[in-house]
>>> print(open('entry-v5.cif').read())   # mmCIF, C-alpha atoms and all ligand atoms
data_protein
loop_
_atom_site.label_atom_id
_atom_site.label_comp_id
_atom_site.auth_asym_id
_atom_site.auth_seq_id
_atom_site.Cartn_x
_atom_site.Cartn_y
_atom_site.Cartn_z
CA MET A 159 -7.12 7.45 23.70
CA LYS A 160 -6.99 7.66 19.91
CA LYS A 161 -7.14 4.39 18.00
CA ARG A 162 -3.90 3.49 16.25
CA VAL A 163 -3.51 2.92 12.52
CA PHE A 164 -0.53 1.16 10.93
CA SER A 165 0.13 0.64 7.24
CA GLY A 166 3.00 0.51 4.78
CA ILE A 167 4.08 0.25 1.15
CA LYS A 168 7.01 -1.67 -0.31
CA PRO A 169 9.56 0.50 -2.14
CA SER A 170 9.75 -2.19 -4.82
CA GLY A 171 9.24 0.02 -7.86
CA ASP A 172 7.53 3.18 -9.03
CA ILE A 173 4.48 4.07 -6.96
CA HIS A 174 1.25 3.94 -8.98
CA LEU A 175 -2.25 5.30 -8.89
CA GLY A 176 -3.52 2.11 -7.15
CA ASN A 177 -1.09 2.64 -4.23
CA TYR A 178 -2.17 6.27 -4.08
CA LEU A 179 -5.96 5.91 -4.37
CA GLY A 180 -6.17 2.57 -2.55
CA ALA A 181 -3.77 3.43 0.27
CA ILE A 182 -1.87 6.72 0.66
CA ARG A 183 -4.80 9.08 0.11
CA ASN A 184 -6.86 7.25 2.72
CA TRP A 185 -3.99 7.44 5.19
CA VAL A 186 -3.97 11.22 4.86
CA THR A 187 -7.62 11.25 5.97
CA ALA A 188 -7.01 8.69 8.73
CA GLN A 189 -4.27 10.77 10.41
CA GLU A 190 -6.87 13.44 11.31
CA GLU A 191 -8.67 11.02 13.59
CA HIS A 192 -6.15 8.36 14.55
CA ASP A 193 -2.69 7.95 15.91
CA SER A 194 -1.10 6.98 12.59
CA ILE A 195 2.10 5.10 11.81
CA TYR A 196 3.13 4.76 8.16
CA CYS A 197 6.09 2.65 7.22
CA ILE A 198 8.27 2.30 4.12
CA VAL A 199 8.54 -1.48 4.27
CA ASP A 200 11.93 -1.98 2.63
CA LEU A 201 12.54 -5.39 4.24
CA HIS A 202 9.47 -6.64 2.40
CA SER A 203 10.80 -5.44 -0.93
CA ILE A 204 13.91 -7.65 -0.79
CA THR A 205 11.70 -10.75 -0.79
CA VAL A 206 12.08 -10.42 -4.57
CA ALA A 207 15.24 -9.31 -6.44
CA GLN A 208 16.09 -5.60 -6.12
CA ASP A 209 18.90 -3.53 -7.54
CA PRO A 210 20.60 -1.95 -4.47
CA LYS A 211 20.91 1.54 -5.99
CA GLU A 212 17.34 1.50 -7.25
CA LEU A 213 16.06 0.26 -3.90
CA LYS A 214 17.74 3.18 -2.12
CA ARG A 215 16.27 5.60 -4.67
CA ASN A 216 12.80 4.01 -4.33
CA ILE A 217 12.91 4.37 -0.54
CA ARG A 218 13.61 8.13 -0.79
CA GLU A 219 11.03 8.57 -3.56
CA LEU A 220 8.33 6.77 -1.59
CA THR A 221 9.15 8.86 1.50
CA ALA A 222 8.81 12.02 -0.58
CA ILE A 223 5.49 10.82 -1.99
CA TYR A 224 4.09 10.07 1.49
CA PHE A 225 4.80 13.61 2.67
CA ALA A 226 3.87 15.24 -0.66
CA ALA A 227 0.49 13.49 -0.63
CA GLY A 228 -0.27 15.12 2.72
CA ILE A 229 1.03 12.84 5.44
CA ASP A 230 2.06 15.29 8.12
CA GLU A 231 5.06 14.52 10.30
CA LYS A 232 3.34 16.31 13.19
CA LYS A 233 0.30 14.05 13.01
CA SER A 234 1.85 10.78 11.84
CA THR A 235 4.98 8.71 12.39
CA VAL A 236 6.76 7.93 9.11
CA PHE A 237 9.83 5.68 9.09
CA VAL A 238 11.77 3.05 7.17
CA GLN A 239 11.19 -0.51 8.41
CA SER A 240 14.88 -1.51 8.40
CA HIS A 241 15.70 1.45 10.68
CA VAL A 242 13.81 -0.28 13.51
CA SER A 243 15.37 -3.70 14.14
CA ALA A 244 12.46 -4.92 16.29
CA HIS A 245 10.56 -5.75 13.05
CA SER A 246 13.04 -8.48 12.12
CA GLU A 247 13.34 -9.68 15.71
CA LEU A 248 9.62 -10.08 16.28
CA ALA A 249 9.21 -11.69 12.83
CA TRP A 250 11.64 -14.44 13.90
CA ILE A 251 9.70 -15.07 17.08
CA LEU A 252 6.38 -15.23 15.20
CA ASN A 253 7.97 -17.63 12.71
CA CYS A 254 8.42 -20.06 15.54
CA PHE A 255 4.70 -20.08 16.35
CA ILE A 256 2.84 -19.62 13.04
CA PRO A 257 1.85 -23.06 11.68
CA MET A 258 3.20 -23.85 8.19
CA GLY A 259 -0.31 -24.66 6.98
CA TRP A 260 -1.44 -21.05 7.56
CA MET A 261 1.42 -19.69 5.46
CA GLU A 262 0.83 -22.24 2.69
CA ARG A 263 -2.68 -20.85 2.19
CA MET A 264 -1.47 -17.33 1.29
CA THR A 265 -2.57 -16.58 -2.25
CA GLN A 266 -0.15 -13.67 -2.73
CA PHE A 267 2.80 -16.03 -2.23
CA LYS A 268 1.42 -18.35 -4.89
CA ASP A 269 1.00 -15.43 -7.36
CA LYS A 270 4.41 -13.90 -6.66
CA ALA A 271 6.22 -17.24 -6.67
CA GLN A 272 4.71 -17.86 -10.10
CA LYS A 273 6.03 -14.49 -11.35
CA ASN A 274 9.52 -14.93 -9.83
CA LYS A 275 10.13 -18.56 -10.74
CA LYS A 276 13.93 -18.11 -10.93
CA ARG A 277 14.29 -16.84 -7.36
CA VAL A 278 11.62 -17.89 -4.91
CA SER A 279 13.20 -17.00 -1.57
CA VAL A 280 12.27 -18.21 1.90
CA GLY A 281 11.63 -14.51 2.61
CA LEU A 282 8.89 -14.37 -0.02
CA PHE A 283 7.14 -17.29 1.66
CA ASP A 284 7.66 -15.70 5.07
CA TYR A 285 6.43 -12.24 4.05
CA PRO A 286 3.17 -12.54 6.08
CA ALA A 287 5.10 -13.24 9.32
CA LEU A 288 7.10 -10.03 8.87
CA MET A 289 3.89 -8.16 8.08
CA ALA A 290 2.31 -9.57 11.25
CA ALA A 291 5.34 -8.34 13.22
CA ASP A 292 5.02 -4.86 11.63
CA ILE A 293 1.42 -4.58 12.74
CA LEU A 294 1.62 -6.23 16.16
CA LEU A 295 4.67 -4.23 17.30
CA TYR A 296 2.57 -1.06 17.43
CA ASP A 297 -0.54 -2.36 19.25
CA THR A 298 -2.39 -1.48 16.07
CA ASP A 299 -6.18 -1.13 16.03
CA TYR A 300 -6.74 -0.62 12.28
CA VAL A 301 -4.78 -1.65 9.21
CA PRO A 302 -5.95 0.18 6.06
CA VAL A 303 -5.08 -2.05 3.09
CA GLY A 304 -6.20 -2.85 -0.42
CA GLU A 305 -8.16 -6.02 -1.14
CA ASP A 306 -5.03 -8.05 -1.93
CA GLN A 307 -3.51 -7.59 1.54
CA LYS A 308 -6.63 -8.59 3.50
CA GLN A 309 -5.58 -12.24 3.81
CA HIS A 310 -2.27 -11.18 5.41
CA VAL A 311 -4.09 -9.09 8.02
CA GLU A 312 -6.35 -12.09 8.76
CA LEU A 313 -3.21 -14.16 9.36
CA THR A 314 -1.94 -11.42 11.68
CA ARG A 315 -5.18 -11.61 13.66
CA ASP A 316 -4.95 -15.41 13.90
CA THR A 317 -1.31 -15.15 15.02
CA ALA A 318 -2.16 -12.60 17.71
CA GLU A 319 -5.03 -14.77 18.98
CA LEU A 320 -2.88 -17.90 18.96
CA MET A 321 -0.12 -16.24 21.01
CA ASN A 322 -2.56 -14.49 23.33
CA SER A 323 -4.22 -17.81 24.16
CA ARG A 324 -0.81 -19.20 25.10
CA PHE A 325 0.92 -16.26 26.78
CA GLY A 326 -1.85 -14.01 28.09
CA LYS A 327 -4.68 -12.20 26.33
CA ASP A 328 -3.06 -8.79 26.67
CA LEU A 329 0.11 -9.84 24.81
CA PHE A 330 -1.01 -8.53 21.43
CA LYS A 331 -3.83 -6.25 20.35
CA VAL A 332 -5.86 -8.00 17.64
CA PRO A 333 -5.98 -5.63 14.63
CA THR A 334 -8.83 -5.05 12.20
CA PRO A 335 -8.29 -4.65 8.42
CA VAL A 336 -9.95 -1.61 6.85
CA ILE A 337 -10.69 -1.98 3.14
CA PRO A 338 -11.80 1.14 1.25
CA LYS A 339 -15.31 0.92 -0.27
CA THR A 340 -14.01 2.27 -3.57
CA GLY A 341 -10.47 1.95 -4.93
CA ALA A 342 -9.42 -1.15 -3.02
CA ARG A 343 -8.35 -2.67 -6.33
CA ILE A 344 -7.44 -0.31 -9.16
CA MET A 345 -6.99 -2.39 -12.27
CA GLY A 346 -4.43 -2.17 -15.08
CA LEU A 347 -5.21 0.20 -17.94
CA ASP A 348 -4.00 -2.23 -20.60
CA ASP A 349 -5.55 -5.28 -18.94
CA PRO A 350 -8.39 -4.54 -16.53
CA LEU A 351 -8.36 -8.13 -15.27
CA LYS A 352 -4.95 -7.55 -13.66
CA LYS A 353 -4.36 -5.01 -10.90
CA MET A 354 -1.98 -2.08 -11.25
CA ALA A 355 1.27 -3.26 -9.63
CA LYS A 356 4.72 -1.79 -9.09
CA SER A 357 6.52 -4.92 -10.15
CA ASP A 358 4.82 -5.29 -13.54
CA ASP A 359 6.95 -4.39 -16.51
CA LYS A 360 4.01 -3.57 -18.79
CA PRO A 361 4.55 0.08 -19.77
CA ASN A 362 0.87 0.94 -20.23
CA ARG A 363 -0.55 -0.93 -17.24
CA SER A 364 -0.10 1.66 -14.49
CA VAL A 365 -0.14 5.42 -14.13
CA TYR A 366 2.89 6.17 -11.97
CA LEU A 367 2.63 9.02 -9.50
CA LEU A 368 5.61 10.81 -10.98
CA ASP A 369 4.62 10.27 -14.66
CA SER A 370 4.55 13.49 -16.72
CA PRO A 371 1.11 14.87 -17.68
CA ASP A 372 1.70 13.79 -21.30
CA THR A 373 2.60 10.25 -20.31
CA ILE A 374 -0.52 10.07 -18.14
CA ARG A 375 -2.68 11.29 -21.04
CA LYS A 376 -1.13 8.79 -23.46
CA LYS A 377 -1.58 5.84 -21.09
CA ILE A 378 -5.21 6.69 -20.34
CA MET A 379 -6.10 7.32 -24.01
CA ARG A 380 -4.77 3.79 -24.79
CA ALA A 381 -6.73 2.13 -21.98
CA THR A 382 -8.62 -1.05 -22.86
CA THR A 383 -12.43 -0.70 -22.82
CA ASP A 384 -14.99 -2.88 -24.65
CA SER A 385 -17.10 -2.93 -27.81
CA LEU A 386 -20.20 -1.43 -26.14
CA THR A 387 -20.92 2.29 -26.03
CA GLU A 388 -22.87 3.14 -22.88
CA ILE A 389 -20.79 4.75 -20.12
CA ARG A 390 -21.99 3.43 -16.77
CA PHE A 391 -20.66 1.64 -13.68
CA ASP A 392 -20.93 -2.11 -14.28
CA LYS A 393 -18.58 -4.55 -12.53
CA GLU A 394 -18.89 -6.96 -15.46
CA ARG A 395 -17.43 -4.36 -17.84
CA HIS A 396 -14.02 -4.32 -16.22
CA GLY A 397 -12.25 -1.69 -18.35
CA VAL A 398 -14.95 1.00 -18.31
CA ASN A 399 -15.77 0.31 -14.67
CA ASN A 400 -12.12 0.80 -13.72
CA LEU A 401 -11.87 4.12 -15.62
CA LEU A 402 -15.09 5.34 -14.00
CA THR A 403 -13.85 4.29 -10.54
CA ILE A 404 -10.64 6.29 -11.02
CA TYR A 405 -12.71 9.22 -12.30
CA GLN A 406 -14.98 9.02 -9.26
CA LEU A 407 -12.07 8.93 -6.80
CA CYS A 408 -10.27 11.85 -8.45
CA SER A 409 -13.31 14.04 -9.15
CA GLY A 410 -15.16 13.42 -5.87
CA LYS A 411 -18.46 13.13 -7.79
CA THR A 412 -21.09 10.47 -7.11
CA ALA A 413 -21.66 7.54 -9.47
CA LYS A 414 -25.05 9.02 -10.41
CA GLU A 415 -23.56 12.42 -11.27
CA ILE A 416 -20.83 10.78 -13.33
CA GLU A 417 -23.22 8.60 -15.32
CA ALA A 418 -25.45 11.63 -16.02
CA HIS A 419 -22.41 13.66 -17.09
CA PHE A 420 -21.24 11.02 -19.58
CA ALA A 421 -24.69 10.07 -20.92
CA GLY A 422 -24.55 10.06 -24.73
CA LYS A 423 -20.79 10.68 -24.78
CA GLN A 424 -18.11 8.40 -26.18
CA TYR A 425 -15.29 6.44 -24.55
CA SER A 426 -12.80 8.92 -26.03
CA ASP A 427 -14.57 11.73 -24.08
CA LEU A 428 -14.40 9.69 -20.88
CA LYS A 429 -10.69 9.01 -21.39
CA ARG A 430 -9.89 12.65 -22.24
CA GLU A 431 -11.72 13.97 -19.16
CA LEU A 432 -10.32 11.23 -16.96
CA ALA A 433 -6.77 12.07 -18.03
CA GLU A 434 -7.31 15.70 -17.03
CA VAL A 435 -8.72 14.90 -13.57
CA VAL A 436 -5.83 12.51 -12.91
CA VAL A 437 -3.26 15.08 -14.09
CA GLU A 438 -4.83 17.72 -11.80
CA GLU A 439 -5.06 15.31 -8.84
CA LEU A 440 -1.38 14.43 -9.14
CA ARG A 441 0.03 17.87 -10.05
CA PRO A 442 0.44 19.21 -6.48
CA VAL A 443 1.73 15.85 -5.19
CA GLN A 444 4.32 15.74 -7.98
CA GLN A 445 5.47 19.29 -7.31
CA LYS A 446 5.88 18.73 -3.57
CA ALA A 447 7.59 15.36 -4.08
CA LYS A 448 10.11 16.93 -6.46
CA ASP A 449 10.80 19.73 -3.96
CA LEU A 450 11.38 17.22 -1.17
CA LEU A 451 13.65 15.08 -3.35
CA ASN A 452 15.74 18.18 -3.99
CA HIS A 453 16.30 18.47 -0.22
CA PRO A 454 17.67 15.03 0.74
CA ASP A 455 18.96 16.23 4.13
CA HIS A 456 15.48 17.31 5.13
CA LEU A 457 14.08 13.92 4.06
CA GLU A 458 16.76 12.13 6.10
CA SER A 459 15.96 14.17 9.18
CA LEU A 460 12.23 13.45 8.83
CA LEU A 461 13.02 9.72 8.63
CA LYS A 462 15.37 9.89 11.63
CA THR A 463 12.70 11.51 13.79
CA GLY A 464 10.13 8.96 12.58
CA ALA A 465 12.42 6.01 13.38
CA GLU A 466 13.07 7.33 16.89
CA LYS A 467 9.34 7.60 17.60
CA ALA A 468 8.64 4.14 16.15
CA GLU A 469 11.58 2.54 17.97
CA GLU A 470 10.24 3.54 21.36
CA ILE A 471 6.89 1.79 20.84
CA ALA A 472 8.37 -1.21 19.03
CA GLN A 473 11.04 -1.92 21.67
CA ALA A 474 8.46 -1.89 24.47
CA THR A 475 6.35 -4.50 22.64
CA LEU A 476 9.35 -6.64 21.77
CA LYS A 477 10.51 -6.64 25.38
CA ARG A 478 7.03 -7.65 26.55
CA VAL A 479 6.97 -10.57 24.11
CA GLN A 480 10.51 -11.71 24.97
CA GLU A 481 9.66 -11.78 28.65
CA ARG A 482 6.37 -13.62 28.22
CA ILE A 483 7.85 -16.37 26.09
CA GLY A 484 10.84 -16.79 28.39
CA LEU A 485 13.72 -15.45 26.30
CA GLY A 486 16.92 -14.03 27.75
N1 LIG B 1 -3.99 -1.85 -7.78
C1 LIG B 1 -4.20 -1.47 -6.52
N2 LIG B 1 -5.37 -0.89 -6.18
C2 LIG B 1 -5.61 -0.49 -4.90
N3 LIG B 1 -4.71 -0.64 -3.91
C3 LIG B 1 -3.52 -1.21 -4.20
N4 LIG B 1 -2.43 -1.49 -3.47
C4 LIG B 1 -1.50 -2.08 -4.24
N5 LIG B 1 -1.94 -2.19 -5.50
C5 LIG B 1 -3.21 -1.67 -5.51
C6 LIG B 1 -2.33 -1.19 -2.05
O1 LIG B 1 -1.17 -0.39 -1.87
C7 LIG B 1 -0.56 -0.75 -0.64
C8 LIG B 1 0.88 -1.07 -0.92
O2 LIG B 1 1.11 -2.39 -1.09
P1 LIG B 1 2.56 -3.04 -1.11
O3 LIG B 1 3.53 -2.20 -1.78
O4 LIG B 1 2.96 -3.44 0.25
O5 LIG B 1 2.29 -4.37 -1.87
P2 LIG B 1 1.37 -4.76 -3.03
O6 LIG B 1 -0.03 -4.83 -2.57
O7 LIG B 1 1.95 -6.04 -3.54
O8 LIG B 1 1.54 -3.57 -4.04
P3 LIG B 1 1.98 -3.56 -5.55
O9 LIG B 1 1.90 -2.18 -6.02
O10 LIG B 1 1.24 -4.59 -6.33
O11 LIG B 1 3.51 -3.91 -5.47
P4 LIG B 1 4.35 -5.10 -6.04
O12 LIG B 1 4.04 -5.21 -7.49
O13 LIG B 1 5.77 -4.69 -5.76
O14 LIG B 1 3.97 -6.30 -5.27
C9 LIG B 1 -1.37 -1.88 -0.03
O15 LIG B 1 -2.31 -1.33 0.88
C10 LIG B 1 -2.05 -2.45 -1.23
O16 LIG B 1 -3.23 -3.15 -0.90
#
>>> encode(input="entry-v5.cif", output="structure tokens")
Amino acid sequence: MKKRVFSGIKPSGDIHLGNYLGAIRNWVTAQEEHDSIYCIVDLHSITVAQDPKELKRNIRELTAIYFAAGIDEKKSTVFVQSHVSAHSELAWILNCFIPMGWMERMTQFKDKAQKNKKRVSVGLFDYPALMAADILLYDTDYVPVGEDQKQHVELTRDTAELMNSRFGKDLFKVPTPVIPKTGARIMGLDDPLKKMAKSDDKPNRSVYLLDSPDTIRKKIMRATTDSLTEIRFDKERHGVNNLLTIYQLCSGKTAKEIEAHFAGKQYSDLKRELAEVVVEELRPVQQKAKDLLNHPDHLESLLKTGAEKAEEIAQATLKRVQERIGLG
């Protein structure tokens, strides 16, 4: 039996290089070895304000990016979260068992509530319960995530263990988070102390996957570095370290090779070369994504097939949980 992987991205804005290098690209590798389920988690995106038309467009764009990046519908299940109602149903059940204190510790809620002061919804607070439902519905073994989502997977594990101790140890599989060694936190180009994020409105913070080559070049050439000159990996030099990390992930070279290559060169050389490797990395993904977006019926049919496959697994888990806890 292959181990199962589950992960997802919120269609809450334009997809950026952090989502791609920290998540999607690793999923493409994971599908070769594992039974993989990749979700477009639209229910999570409405935890903060969304424009309905834009949300619909973002869902299609993210679907196109998944497939364009190399997720293969024959190897993986790709679907939209709201197409499978068991996610919301299991989330409600988990809500009734997860202690408030666990949720109050979630640092992402604190950050996001700070950013969305005008509209802090119950859904934003409850986000980790829905994420736990997403993962537990599929008897997931591994959850590949960036650094910032690790705490939510820990809460999922605690929830599974809590419910297993009460209703039988085979109720839920306890999942394991998988954090990439490099790229788990790609930082903003304009401010390397903040991570690239879809919901930021800073125009030069993130390289978006569908940015034109010229826009990518301009953003990278403006990236914040420091007043030193030596080009080497150093976690204390946030700006340069971030640029080198992106270079390493896109070029496939080792840190040693990269430092030797840039020895004696200037930051402007690093930025120029980095821009070109990023443009080349994204070129085929952009082309395929545009092709797919020009064939909306094909995208819809891929999502329909994905939802049918997901539904079958999710309903079986939901039924098991309902029976064990005495519903119906
Ligand atoms: N900067 C990043 N570097 C590496 N990985 C990242 N991820 C997000 N930002 C970076 C990873 O991408 C996946 C998608 O996450 P999500 O959309 O569910 O939520 P998020 O982590 O909150 O992503 P964003 O881009 O910051 O979105 P907004 O601004 O809408 O909240 C996850 O695996 C995440 O770790």
>>> residues_around(input="entry-v5.cif", residues="Leu252 in chain A", least_positions_apart="3", cutoff="9 Å", atoms="only C-alpha atoms", output="list in words")
Glu247, Leu248, Ala249, Phe255, Ile256, Ala287, Leu288, Ala290, Ala291, Thr317 and Met321 of chain A
>>> closest_residue(input="entry-v5.cif", among="A:Ala318, A:Ile229, A:Val398, A:Val303", to="ligand LIG 1 (chain B)", atoms="all atoms listed in the file")
A:Val303
>>> residues_around(input="entry-v5.cif", residues="range 343-357 of chain A", least_positions_apart="4", cutoff="9 Å", atoms="only C-alpha atoms", output="compact mmCIF listing (two decimals) with C-alpha atoms, in the frame of the given file")
# COMPACT_ATOMS: atom_id res chain seq x y z
CA PRO A 169 9.56 0.50 -2.14
CA SER A 170 9.75 -2.19 -4.82
CA GLY A 171 9.24 0.02 -7.86
CA ASP A 172 7.53 3.18 -9.03
CA ILE A 173 4.48 4.07 -6.96
CA HIS A 174 1.25 3.94 -8.98
CA LEU A 175 -2.25 5.30 -8.89
CA GLY A 176 -3.52 2.11 -7.15
CA ASN A 177 -1.09 2.64 -4.23
CA LEU A 179 -5.96 5.91 -4.37
CA GLY A 180 -6.17 2.57 -2.55
CA GLY A 304 -6.20 -2.85 -0.42
CA GLU A 305 -8.16 -6.02 -1.14
CA ASP A 306 -5.03 -8.05 -1.93
CA PRO A 361 4.55 0.08 -19.77
CA ASN A 362 0.87 0.94 -20.23
CA ARG A 363 -0.55 -0.93 -17.24
CA SER A 364 -0.10 1.66 -14.49
CA VAL A 365 -0.14 5.42 -14.13
CA TYR A 366 2.89 6.17 -11.97
CA LYS A 377 -1.58 5.84 -21.09
CA ILE A 378 -5.21 6.69 -20.34
CA ARG A 380 -4.77 3.79 -24.79
CA ALA A 381 -6.73 2.13 -21.98
CA THR A 382 -8.62 -1.05 -22.86
CA THR A 383 -12.43 -0.70 -22.82
CA HIS A 396 -14.02 -4.32 -16.22
CA GLY A 397 -12.25 -1.69 -18.35
CA VAL A 398 -14.95 1.00 -18.31
CA ASN A 400 -12.12 0.80 -13.72
CA LEU A 401 -11.87 4.12 -15.62
CA THR A 403 -13.85 4.29 -10.54
CA ILE A 404 -10.64 6.29 -11.02
>>> closest_residue(input="entry-v5.cif", among="A:Leu402, A:Leu294, A:Ile195, A:Val301", to="ligand LIG 1 (chain B)", atoms="all atoms listed in the file")
A:Val301
>>> closest_atom_pairs(input="entry-v5.cif", of="range 181-247 of chain A", to="range 438-446 of chain A", cutoff="9 Å", atoms="only C-alpha atoms", output="CSV")
residue,atom,partner,partner_atom,distance
A:Ala222,CA,A:Lys446,CA,7.9
A:Ile223,CA,A:Val443,CA,7.0
A:Phe225,CA,A:Lys446,CA,8.1
A:Ala226,CA,A:Lys446,CA,5.0
A:Ala227,CA,A:Val443,CA,5.3
A:Gly228,CA,A:Val443,CA,8.2
>>> write_last_selection(input="entry-v5.cif", atoms="C-alpha atoms", output="mmCIF file, keeping the file's coordinate frame")
data_model
loop_
_atom_site.group_PDB
_atom_site.id
_atom_site.type_symbol
_atom_site.label_atom_id
_atom_site.label_comp_id
_atom_site.auth_asym_id
_atom_site.auth_seq_id
_atom_site.Cartn_x
_atom_site.Cartn_y
_atom_site.Cartn_z
ATOM 1 C CA ALA A 222 8.810 12.020 -0.580
ATOM 2 C CA ILE A 223 5.490 10.820 -1.990
ATOM 3 C CA PHE A 225 4.800 13.610 2.670
ATOM 4 C CA ALA A 226 3.870 15.240 -0.660
ATOM 5 C CA ALA A 227 0.490 13.490 -0.630
ATOM 6 C CA GLY A 228 -0.270 15.120 2.720
#
>>> decode(input="entry-v5.cif", residues="range 403-425 of chain A", atoms="N, CA and C atoms", output="compact mmCIF listing (two decimals), in the first residue's frame")
# COMPACT_ATOMS: atom_id res chain seq x y z
N THR A 403 18.69 31.30 -1.81
CA THR A 403 17.83 30.12 -1.64
C THR A 403 16.97 29.92 -2.89
N ILE A 404 16.39 31.02 -3.39
CA ILE A 404 15.55 30.92 -4.60
C ILE A 404 16.42 30.45 -5.77
N TYR A 405 17.63 31.02 -5.84
CA TYR A 405 18.55 30.63 -6.93
C TYR A 405 18.85 29.13 -6.85
N GLN A 406 19.12 28.67 -5.64
CA GLN A 406 19.45 27.25 -5.44
C GLN A 406 18.28 26.35 -5.87
N LEU A 407 17.07 26.72 -5.46
CA LEU A 407 15.91 25.89 -5.79
C LEU A 407 15.63 25.88 -7.29
N CYS A 408 15.84 27.02 -7.95
CA CYS A 408 15.54 27.07 -9.39
C CYS A 408 16.68 26.51 -10.24
N SER A 409 17.92 26.64 -9.77
CA SER A 409 19.04 26.18 -10.61
C SER A 409 19.39 24.71 -10.35
N GLY A 410 19.04 24.21 -9.17
CA GLY A 410 19.37 22.83 -8.82
C GLY A 410 20.83 22.67 -8.42
N LYS A 411 21.57 23.79 -8.28
CA LYS A 411 22.99 23.69 -7.89
C LYS A 411 23.13 23.62 -6.37
N THR A 412 24.29 23.13 -5.92
CA THR A 412 24.52 23.07 -4.47
C THR A 412 24.95 24.45 -3.96
N ALA A 413 24.84 24.62 -2.64
CA ALA A 413 25.23 25.90 -2.03
C ALA A 413 26.70 26.20 -2.33
N LYS A 414 27.54 25.17 -2.28
CA LYS A 414 28.97 25.33 -2.53
C LYS A 414 29.21 25.83 -3.96
N GLU A 415 28.56 25.17 -4.91
CA GLU A 415 28.71 25.57 -6.33
C GLU A 415 28.26 27.01 -6.54
N ILE A 416 27.17 27.37 -5.87
CA ILE A 416 26.62 28.72 -6.06
C ILE A 416 27.57 29.77 -5.47
N GLU A 417 28.09 29.50 -4.28
CA GLU A 417 29.01 30.46 -3.67
C GLU A 417 30.27 30.61 -4.52
N ALA A 418 30.76 29.49 -5.07
CA ALA A 418 31.96 29.56 -5.93
C ALA A 418 31.64 30.37 -7.20
N HIS A 419 30.46 30.15 -7.75
CA HIS A 419 30.07 30.84 -8.98
C HIS A 419 29.98 32.35 -8.77
N PHE A 420 29.51 32.78 -7.59
CA PHE A 420 29.32 34.22 -7.37
C PHE A 420 30.50 34.88 -6.65
N ALA A 421 31.55 34.11 -6.37
CA ALA A 421 32.71 34.70 -5.67
C ALA A 421 33.25 35.89 -6.48
N GLY A 422 33.42 37.02 -5.80
CA GLY A 422 33.97 38.22 -6.45
C GLY A 422 32.95 38.98 -7.29
N LYS A 423 31.74 38.47 -7.42
CA LYS A 423 30.73 39.19 -8.21
C LYS A 423 29.90 40.12 -7.31
N GLN A 424 29.08 40.93 -7.96
CA GLN A 424 28.30 41.91 -7.19
C GLN A 424 26.85 41.47 -7.05
N TYR A 425 26.13 42.15 -6.12
CA TYR A 425 24.71 41.83 -5.93
C TYR A 425 23.92 41.99 -7.23
